[in-house]
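Trainee: Provided herewith: entry32.txt, compact mmCIF, C-alpha atoms (C1' of nucleotides).
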```
# COMPACT_ATOMS: atom_id res chain seq x y z
CA MET I 1 0.00 0.00 0.00
CA LYS I 2 1.60 3.20 -1.17
CA ARG I 3 0.16 6.15 0.67
CA ASP I 4 0.77 9.84 0.27
CA ILE I 5 0.17 12.89 2.38
CA PHE I 6 -3.18 13.58 0.72
CA GLN I 7 -4.49 10.26 1.94
CA ALA I 8 -2.98 10.98 5.33
CA ILE I 9 -4.99 14.19 5.75
CA ALA I 10 -8.17 12.73 4.28
CA ASP I 11 -9.27 11.30 7.63
CA PRO I 12 -10.62 13.80 10.20
CA THR I 13 -9.07 11.95 13.14
CA ARG I 14 -5.65 12.04 11.49
CA ARG I 15 -6.03 15.76 10.77
CA ALA I 16 -6.81 16.32 14.44
CA ILE I 17 -3.78 14.27 15.45
CA LEU I 18 -1.56 16.35 13.18
CA VAL I 19 -2.79 19.54 14.81
CA LEU I 20 -2.24 18.14 18.30
CA ILE I 21 1.34 17.07 17.65
CA ALA I 22 2.24 20.13 15.60
CA THR I 23 3.43 22.06 18.64
CA GLN I 24 4.17 19.33 21.17
CA ALA I 25 5.25 15.71 21.10
CA LEU I 26 2.63 13.29 22.46
CA THR I 27 2.40 9.59 23.24
CA PRO I 28 -0.23 7.30 21.67
CA ASN I 29 -2.03 7.11 25.00
CA ALA I 30 -2.11 10.87 25.42
CA LEU I 31 -3.51 11.14 21.90
CA ALA I 32 -6.11 8.43 22.46
CA ASP I 33 -7.43 10.39 25.44
CA GLN I 34 -8.48 13.12 23.01
CA PHE I 35 -10.67 10.84 20.91
CA ASP I 36 -13.53 8.44 21.28
CA ILE I 37 -11.63 5.52 19.80
CA THR I 38 -9.30 2.92 21.27
CA ARG I 39 -5.58 3.45 21.72
CA GLN I 40 -5.01 0.77 19.10
CA ALA I 41 -7.03 2.66 16.53
CA VAL I 42 -4.89 5.73 17.22
CA SER I 43 -1.84 3.50 16.81
CA LYS I 44 -3.02 2.54 13.35
CA HIS I 45 -3.42 6.20 12.43
CA ILE I 46 0.09 6.86 13.72
CA LYS I 47 1.39 4.02 11.60
CA ILE I 48 -0.16 5.56 8.50
CA LEU I 49 1.18 9.02 9.32
CA ASN I 50 4.58 7.45 9.88
CA GLU I 51 4.49 5.72 6.50
CA CYS I 52 3.83 9.12 4.96
CA GLU I 53 6.94 10.43 6.74
CA LEU I 54 4.91 12.94 8.69
CA LEU I 55 6.25 11.98 12.11
CA GLU I 56 9.35 12.15 14.24
CA GLN I 57 9.54 9.88 17.24
CA GLU I 58 11.53 9.81 20.42
CA LYS I 59 11.49 6.86 22.77
CA VAL I 60 11.61 7.67 26.47
CA GLY I 61 11.56 4.53 28.59
CA ARG I 62 8.54 2.58 27.46
CA GLU I 63 6.82 5.66 26.06
CA ILE I 64 7.14 6.92 22.51
CA TYR I 65 6.67 10.61 21.84
CA TYR I 66 5.44 11.49 18.36
CA GLU I 67 5.76 14.95 16.86
CA LEU I 68 4.87 16.38 13.49
CA LYS I 69 7.59 16.68 10.87
CA ILE I 70 6.20 20.03 9.84
CA ASP I 71 8.26 20.42 6.69
CA LYS I 72 6.33 17.54 5.17
CA MET I 73 3.16 19.64 5.33
CA LYS I 74 4.73 21.96 2.79
CA GLU I 75 4.03 19.34 0.14
CA VAL I 76 0.34 20.16 0.37
CA ASP I 77 1.19 23.84 0.26
CA GLN I 78 3.22 23.27 -2.88
CA TRP I 79 0.38 21.43 -4.57
CA LEU I 80 -1.97 24.28 -3.68
CA GLU I 81 0.42 26.77 -5.25
CA GLN I 82 -0.91 26.13 -8.76
CA PHE I 83 -4.43 27.02 -7.61
CA ARG I 84 -3.25 29.95 -5.56
CA LYS I 85 -1.73 31.39 -8.71
CA ILE I 86 -5.12 31.23 -10.37
CA TRP I 87 -7.14 32.79 -7.60
CA GLU I 88 -4.60 35.53 -7.03
CA ASN I 89 -4.58 36.28 -10.73
CA ARG I 90 -8.38 36.51 -10.77
CA PHE I 91 -8.30 38.79 -7.77
CA ASP I 92 -5.85 41.07 -9.57
CA GLN I 93 -8.15 41.14 -12.58
CA LEU I 94 -11.09 42.08 -10.37
CA ASP I 95 -8.94 44.73 -8.78
CA ASP I 96 -8.03 46.13 -12.19
CA LEU I 97 -11.68 46.16 -13.19
CA LEU I 98 -12.69 48.09 -10.12
CA THR I 99 -9.89 50.59 -10.65
CA THR I 100 -10.98 51.08 -14.26
CA LEU I 101 -14.60 51.56 -13.26
CA LYS I 102 -13.60 54.06 -10.62
CA SER I 103 -11.49 56.17 -12.97
CA GLU I 104 -14.19 56.05 -15.64
CA ASN I 105 -16.61 57.29 -13.05
CA ASN I 106 -14.31 60.16 -12.10
CA GLU I 107 -14.00 61.25 -15.69
CA SER I 108 -17.75 61.49 -16.26
CA MET Z 1 -22.00 9.74 3.11
CA LYS Z 2 -20.74 13.10 4.21
CA ARG Z 3 -17.65 14.04 2.25
CA ASP Z 4 -15.37 17.00 2.54
CA ILE Z 5 -12.73 18.58 0.36
CA PHE Z 6 -9.94 16.59 2.03
CA GLN Z 7 -11.53 13.37 0.91
CA ALA Z 8 -12.06 14.89 -2.52
CA ILE Z 9 -8.34 15.55 -2.99
CA ALA Z 10 -7.26 12.23 -1.47
CA ASP Z 11 -7.62 10.41 -4.77
CA PRO Z 12 -4.90 11.04 -7.40
CA THR Z 13 -7.34 10.89 -10.32
CA ARG Z 14 -9.54 13.50 -8.68
CA ARG Z 15 -6.54 15.73 -8.04
CA ALA Z 16 -5.64 15.46 -11.73
CA ILE Z 17 -9.21 16.31 -12.71
CA LEU Z 18 -9.14 19.39 -10.49
CA VAL Z 19 -5.97 20.59 -12.19
CA LEU Z 20 -7.43 19.99 -15.65
CA ILE Z 21 -10.61 21.93 -14.98
CA ALA Z 22 -8.93 24.69 -13.02
CA THR Z 23 -8.35 26.81 -16.10
CA GLN Z 24 -10.89 25.48 -18.59
CA ALA Z 25 -14.30 23.83 -18.44
CA LEU Z 26 -14.33 20.25 -19.72
CA THR Z 27 -16.94 17.58 -20.41
CA PRO Z 28 -16.84 14.12 -18.77
CA ASN Z 29 -15.81 12.59 -22.09
CA ALA Z 30 -12.98 15.06 -22.60
CA LEU Z 31 -11.79 14.27 -19.09
CA ALA Z 32 -12.06 10.52 -19.56
CA ASP Z 33 -9.76 10.81 -22.59
CA GLN Z 34 -7.00 11.90 -20.21
CA PHE Z 35 -7.18 8.78 -18.05
CA ASP Z 36 -7.08 5.05 -18.35
CA ILE Z 37 -10.49 4.53 -16.81
CA THR Z 38 -14.00 4.49 -18.23
CA ARG Z 39 -16.10 7.59 -18.72
CA GLN Z 40 -18.44 6.25 -16.05
CA ALA Z 41 -15.65 6.08 -13.52
CA VAL Z 42 -14.82 9.71 -14.27
CA SER Z 43 -18.51 10.48 -13.82
CA LYS Z 44 -18.38 9.03 -10.34
CA HIS Z 45 -15.40 11.20 -9.49
CA ILE Z 46 -17.27 14.22 -10.83
CA LYS Z 47 -20.22 13.31 -8.65
CA ILE Z 48 -18.02 13.27 -5.58
CA LEU Z 49 -16.35 16.56 -6.49
CA ASN Z 50 -19.81 18.01 -7.03
CA GLU Z 51 -20.99 16.86 -3.60
CA CYS Z 52 -18.00 18.69 -2.15
CA GLU Z 53 -19.16 21.83 -3.98
CA LEU Z 54 -15.96 21.97 -5.96
CA LEU Z 55 -17.62 22.25 -9.37
CA GLU Z 56 -19.59 24.62 -11.53
CA GLN Z 57 -21.44 23.16 -14.47
CA GLU Z 58 -22.88 24.52 -17.66
CA LYS Z 59 -25.09 22.46 -19.91
CA VAL Z 60 -24.62 23.01 -23.62
CA GLY Z 61 -26.94 20.81 -25.62
CA ARG Z 62 -26.28 17.27 -24.51
CA GLU Z 63 -22.86 18.13 -23.15
CA ILE Z 64 -22.10 19.29 -19.64
CA TYR Z 65 -19.05 21.44 -19.05
CA TYR Z 66 -17.51 21.20 -15.60
CA GLU Z 67 -15.14 23.80 -14.20
CA LEU Z 68 -13.44 24.16 -10.85
CA LYS Z 69 -15.02 26.45 -8.25
CA ILE Z 70 -11.60 27.68 -7.30
CA ASP Z 71 -12.65 29.53 -4.17
CA LYS Z 72 -13.47 26.19 -2.57
CA MET Z 73 -9.80 25.25 -2.75
CA LYS Z 74 -9.11 28.04 -0.29
CA GLU Z 75 -10.54 25.82 2.43
CA VAL Z 76 -7.45 23.63 2.20
CA ASP Z 77 -5.30 26.74 2.24
CA GLN Z 78 -7.06 27.93 5.37
CA TRP Z 79 -6.50 24.62 7.13
CA LEU Z 80 -2.82 24.78 6.20
CA GLU Z 81 -2.57 28.26 7.67
CA GLN Z 82 -2.13 26.93 11.22
CA PHE Z 83 0.89 24.90 10.09
CA ARG Z 84 2.25 27.71 7.95
CA LYS Z 85 2.31 29.87 11.05
CA ILE Z 86 4.48 27.31 12.76
CA TRP Z 87 6.98 26.79 9.99
CA GLU Z 88 7.29 30.51 9.33
CA ASN Z 89 7.84 31.11 13.01
CA ARG Z 90 10.57 28.47 13.10
CA PHE Z 91 12.18 30.00 10.04
CA ASP Z 92 12.22 33.40 11.77
CA GLN Z 93 13.83 31.82 14.81
CA LEU Z 94 16.51 30.26 12.63
CA ASP Z 95 16.99 33.61 10.95
CA ASP Z 96 17.42 35.30 14.32
CA LEU Z 97 19.92 32.66 15.37
CA LEU Z 98 21.99 33.18 12.26
CA THR Z 99 21.93 36.95 12.73
CA THR Z 100 23.06 36.57 16.33
CA LEU Z 101 25.88 34.23 15.36
CA LYS Z 102 27.01 36.62 12.66
CA SER Z 103 27.13 39.66 14.94
CA GLU Z 104 28.92 37.65 17.62
CA ASN Z 105 31.46 36.68 15.02
CA ASN Z 106 31.98 40.31 14.00
CA GLU Z 107 32.58 41.35 17.59
CA SER Z 108 35.32 38.80 18.21
C1' DA J 1 9.58 -11.56 41.63
C1' DT J 2 5.10 -10.13 40.35
C1' DT J 3 2.08 -6.96 38.56
C1' DT J 4 0.94 -2.94 35.98
C1' DT J 5 1.56 0.04 32.14
C1' DG J 6 2.72 1.53 27.28
C1' DT J 7 3.24 -0.02 22.99
C1' DG J 8 2.92 -2.43 18.23
C1' DA J 9 0.89 -6.11 15.57
C1' DA J 10 -2.37 -9.52 14.15
C1' DA J 11 -7.00 -11.37 13.29
C1' DC J 12 -11.33 -10.06 12.37
C1' DC J 13 -15.40 -7.24 10.67
C1' DA J 14 -18.70 -3.91 8.49
C1' DA J 15 -18.66 -0.11 5.57
C1' DA J 16 -16.61 2.76 2.07
C1' DT J 17 -13.97 3.15 -2.22
C1' DG J 18 -12.86 2.90 -7.04
C1' DG J 19 -13.55 0.44 -10.66
C1' DT J 20 -16.57 -2.20 -14.18
C1' DT J 21 -20.76 -3.45 -17.14
C1' DT J 22 -25.40 -2.49 -18.14
C1' DC J 23 -29.21 0.44 -18.63
C1' DG J 24 -32.42 4.64 -19.50
C1' DT J 25 -32.86 8.92 -21.54
C1' DA J 26 -32.12 13.28 -23.77
C1' DT J 27 -29.98 15.55 -27.62
C1' DA J 28 -27.63 15.54 -32.37
C1' DT J 29 -26.87 13.57 -36.72
C1' DT J 30 -28.16 11.02 -40.79
C1' DA A 1 -37.74 8.35 -38.57
C1' DA A 2 -33.76 5.85 -37.35
C1' DT A 3 -29.25 5.95 -35.47
C1' DA A 4 -25.44 7.67 -32.88
C1' DT A 5 -23.66 10.25 -29.02
C1' DA A 6 -23.28 12.28 -24.19
C1' DC A 7 -24.53 11.67 -19.95
C1' DG A 8 -26.10 9.98 -15.12
C1' DA A 9 -27.46 6.11 -12.34
C1' DA A 10 -27.77 1.46 -10.83
C1' DA A 11 -26.06 -3.17 -9.94
C1' DC A 12 -22.17 -5.57 -9.06
C1' DC A 13 -17.33 -6.67 -7.41
C1' DA A 14 -12.64 -6.79 -5.24
C1' DT A 15 -9.91 -4.08 -2.33
C1' DT A 16 -9.14 -0.67 1.17
C1' DT A 17 -10.40 1.58 5.33
C1' DG A 18 -11.25 2.45 10.11
C1' DG A 19 -12.59 0.40 13.77
C1' DT A 20 -12.58 -3.55 17.32
C1' DT A 21 -10.69 -7.43 20.38
C1' DT A 22 -6.89 -10.17 21.47
C1' DC A 23 -2.12 -11.04 22.00
C1' DA A 24 3.12 -10.51 22.87
C1' DC A 25 6.62 -8.01 24.89
C1' DA A 26 9.45 -4.49 27.06
C1' DA A 27 9.81 -1.22 30.81
C1' DA A 28 8.13 0.65 35.47
C1' DA A 29 6.22 0.15 39.74
C1' DT A 30 5.10 -2.66 43.71
```
So, in terms of structure tokens, how does the structure I just supplied come out?
Mentor:
Amino acid sequence: MKRDIFQAIADPTRRAILVLIATQALTPNALADQFDITRQAVSKHIKILNECELLEQEKVGREIYYELKIDKMKEVDQWLEQFRKIWENRFDQLDDLLTTLKSENNES
Amino acid sequence: MKRDIFQAIADPTRRAILVLIATQALTPNALADQFDITRQAVSKHIKILNECELLEQEKVGREIYYELKIDKMKEVDQWLEQFRKIWENRFDQLDDLLTTLKSENNES
DNA sequence: ATTTTGTGAAACCAAATGGTTTCGTATATT
DNA sequence: AATATACGAAACCATTTGGTTTCACAAAAT
């Protein structure tokens, strides 16, 4: 099963996990406390996120702290770039139109 | 089945469709030509994209032209914003560190 | 030394997913 | 009028998904 970051963020629970571990490392148990699913289900989500290279982990005794590899999120940002170009371009065009209308109005 | 834009972009074929119709409206048949799947399969993807309110359609005779509702893509951008804040902040911190090191070097 | 705790992995399951083939129907073409 | 084309929808199917329960094992706590 080859998974990518877009599949990783498709699931709402995984998106929530990513937000939680974006600023602080957390253990699977700590994460499971935040949801209405078993610790094992969270573990499976972690496994998927790990396969997508979205996580860094640090083992402390018998606990494992997972934190977001935030740079990986930039891949989504990069994919969005092509659409951002379009909507920014359209905004500029709208801006131009409004400017034109305004100046035409001033001249009348 | 409640679907959202993150599920919509999880599938690689759907992502390709979104790119294709970002700048020009296309019919299901025209889209199907671009992939190795049946027109009906494309139709199902279109249905999903439509449910996520990602499409505008215009009927011309017996053809239906689909185009991307680009503003909807901003939802992904907005979700990314929280992570962007973090990585920009970390970049600033790195920048500060480098500046500090440089000035310390000049003073020695 | 025994028990408790934190974890990953496996076996299992119902539901969702992404594809196909088949069909009905509206619109163009001949 | 008959045929061809464009489309959506339904029935069907294998695979994937997201969850569960159960298990094995290492590390703490008692």
Trainee: How many Å separate CA of Asp95 in chain Z from CA of Glu53 in chain I?
Mentor: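 If I compute the distance from CA of Asp95 in chain Z to CA of Glu53 in chain I, I get 25.6 Å.
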Trainee: What is the distance between CA of Ile64 in chain Z and C1' of DA26 in chain J, in Å to one decimal?
Mentor: 12.4 Å
Trainee: Which neighbours of Leu18 in chain Z fall inside 10 Å, counting all atoms listed in the file, when residues of the same chain fewer than 4 positions from it are skipped, and could you give them as a PDB file with C-alpha atoms, in the frame of the given file?
Mentor:
```pdb
ATOM      1  CA  PHE I  83      -4.430  27.020  -7.610  1.00  0.00           C
TER       2      PHE I  83
ATOM      3  CA  ALA Z   8     -12.060  14.890  -2.520  1.00  0.00           C
ATOM      4  CA  ILE Z   9      -8.340  15.550  -2.990  1.00  0.00           C
ATOM      5  CA  PRO Z  12      -4.900  11.040  -7.400  1.00  0.00           C
ATOM      6  CA  THR Z  13      -7.340  10.890 -10.320  1.00  0.00           C
ATOM      7  CA  ARG Z  14      -9.540  13.500  -8.680  1.00  0.00           C
ATOM      8  CA  ALA Z  22      -8.930  24.690 -13.020  1.00  0.00           C
ATOM      9  CA  THR Z  23      -8.350  26.810 -16.100  1.00  0.00           C
ATOM     10  CA  ILE Z  46     -17.270  14.220 -10.830  1.00  0.00           C
ATOM     11  CA  LEU Z  49     -16.350  16.560  -6.490  1.00  0.00           C
ATOM     12  CA  LEU Z  54     -15.960  21.970  -5.960  1.00  0.00           C
ATOM     13  CA  LEU Z  55     -17.620  22.250  -9.370  1.00  0.00           C
ATOM     14  CA  TYR Z  66     -17.510  21.200 -15.600  1.00  0.00           C
ATOM     15  CA  GLU Z  67     -15.140  23.800 -14.200  1.00  0.00           C
ATOM     16  CA  LEU Z  68     -13.440  24.160 -10.850  1.00  0.00           C
ATOM     17  CA  LYS Z  69     -15.020  26.450  -8.250  1.00  0.00           C
ATOM     18  CA  ILE Z  70     -11.600  27.680  -7.300  1.00  0.00           C
ATOM     19  CA  MET Z  73      -9.800  25.250  -2.750  1.00  0.00           C
TER      20      MET Z  73
END
```
Trainee: Rounded to one decimal place, report the CA of Tyr65 in chain I-C1' of DA11 in chain J distance in Å.
Mentor: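 These atoms are spaced 27.3 Å apart.
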Trainee: Residues of chain I near chain Z: apply a cut-off of 12 Å, count all atoms listed in the file, and supply the list as JSON, numbers by chain.
Mentor: {"I": [2, 3, 4, 5, 6, 7, 8, 9, 10, 11, 12, 14, 15, 16, 18, 19, 20, 21, 22, 23, 24, 68, 69, 70, 71, 72, 73, 74, 75, 76, 77, 78, 79, 80, 81, 82, 83, 84, 85, 86, 87, 88, 89, 90, 91]}
Trainee: Within 10 Å of range 8-19 of chain A, which residues of range 17-79 of chain Z come that close, and what is the closest atom pair and distance in Å for each? Count all atoms listed in the file and give it as a Markdown table.
Mentor:
```
| residue | atom | partner | partner_atom | distance |
| --- | --- | --- | --- | --- |
| Z:Gln40 | CA | A:DG8 | C1' | 8.6 |
| Z:Ser43 | CA | A:DG8 | C1' | 7.7 |
| Z:Lys44 | CA | A:DG8 | C1' | 9.1 |
| Z:Lys47 | CA | A:DG8 | C1' | 9.4 |
```
Trainee: Would you please work out which residue, of Z:Asp33, Z:Glu51, Z:Glu63, Z:Glu56, is nearest to chain A when using only C-alpha atoms (C1' of nucleotides)?
Mentor: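 Smallest distance to chain A is found for Z:Glu63.
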Trainee: For a quick test of understanding: name the residues of chain J lying within 10 Å of chain Z when counting only C-alpha atoms (C1' of nucleotides), and present them as number ranges by chain.
Mentor: J: 16-20, 26-28
Trainee: Find the residues of chain A that sit at most 9 Å from chain Z; for each, write down the nearest two atoms and how far apart they are in Å, to one decimal. Count all atoms listed in the file. Sort by chain, then by number going up, and give it as JSON lines.
Mentor:
```
{"residue": "A:DT5", "atom": "C1'", "partner": "Z:Arg62", "partner_atom": "CA", "distance": 8.7}
{"residue": "A:DA6", "atom": "C1'", "partner": "Z:Arg62", "partner_atom": "CA", "distance": 5.8}
{"residue": "A:DC7", "atom": "C1'", "partner": "Z:Glu63", "partner_atom": "CA", "distance": 7.4}
{"residue": "A:DG8", "atom": "C1'", "partner": "Z:Ser43", "partner_atom": "CA", "distance": 7.7}
```
Trainee: Please produce range 1-13 of chain I, completed to N, CA and C atoms, as a tab-separated table (two decimals), keeping the file's coordinate frame.
Mentor:
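Heads up, here's the output in result06.tsv:
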```tsv
chain	number	residue	atom	x	y	z
I	1	MET	N	0.83	-1.23	0.00
I	1	MET	CA	0.00	0.00	0.00
I	1	MET	C	0.85	1.27	0.00
I	2	LYS	N	0.85	1.95	-1.11
I	2	LYS	CA	1.60	3.20	-1.17
I	2	LYS	C	0.67	4.36	-0.82
I	3	ARG	N	1.01	5.04	0.23
I	3	ARG	CA	0.16	6.15	0.67
I	3	ARG	C	0.91	7.46	0.53
I	4	ASP	N	0.15	8.53	0.32
I	4	ASP	CA	0.77	9.84	0.27
I	4	ASP	C	0.11	10.77	1.28
I	5	ILE	N	0.64	11.96	1.36
I	5	ILE	CA	0.17	12.89	2.38
I	5	ILE	C	-1.29	13.28	2.19
I	6	PHE	N	-1.78	13.22	0.96
I	6	PHE	CA	-3.18	13.58	0.72
I	6	PHE	C	-4.13	12.54	1.30
I	7	GLN	N	-3.71	11.29	1.27
I	7	GLN	CA	-4.49	10.26	1.94
I	7	GLN	C	-4.38	10.42	3.45
I	8	ALA	N	-3.21	10.81	3.89
I	8	ALA	CA	-2.98	10.98	5.33
I	8	ALA	C	-3.94	12.01	5.91
I	9	ILE	N	-4.13	13.12	5.21
I	9	ILE	CA	-4.99	14.19	5.75
I	9	ILE	C	-6.46	14.02	5.36
I	10	ALA	N	-6.78	12.94	4.69
I	10	ALA	CA	-8.17	12.73	4.28
I	10	ALA	C	-9.06	12.38	5.47
I	11	ASP	N	-8.48	11.72	6.46
I	11	ASP	CA	-9.27	11.30	7.63
I	11	ASP	C	-9.29	12.38	8.71
I	12	PRO	N	-10.48	12.72	9.20
I	12	PRO	CA	-10.62	13.80	10.20
I	12	PRO	C	-9.85	13.53	11.49
I	13	THR	N	-9.82	12.27	11.92
I	13	THR	CA	-9.07	11.95	13.14
I	13	THR	C	-7.59	12.22	12.93
```
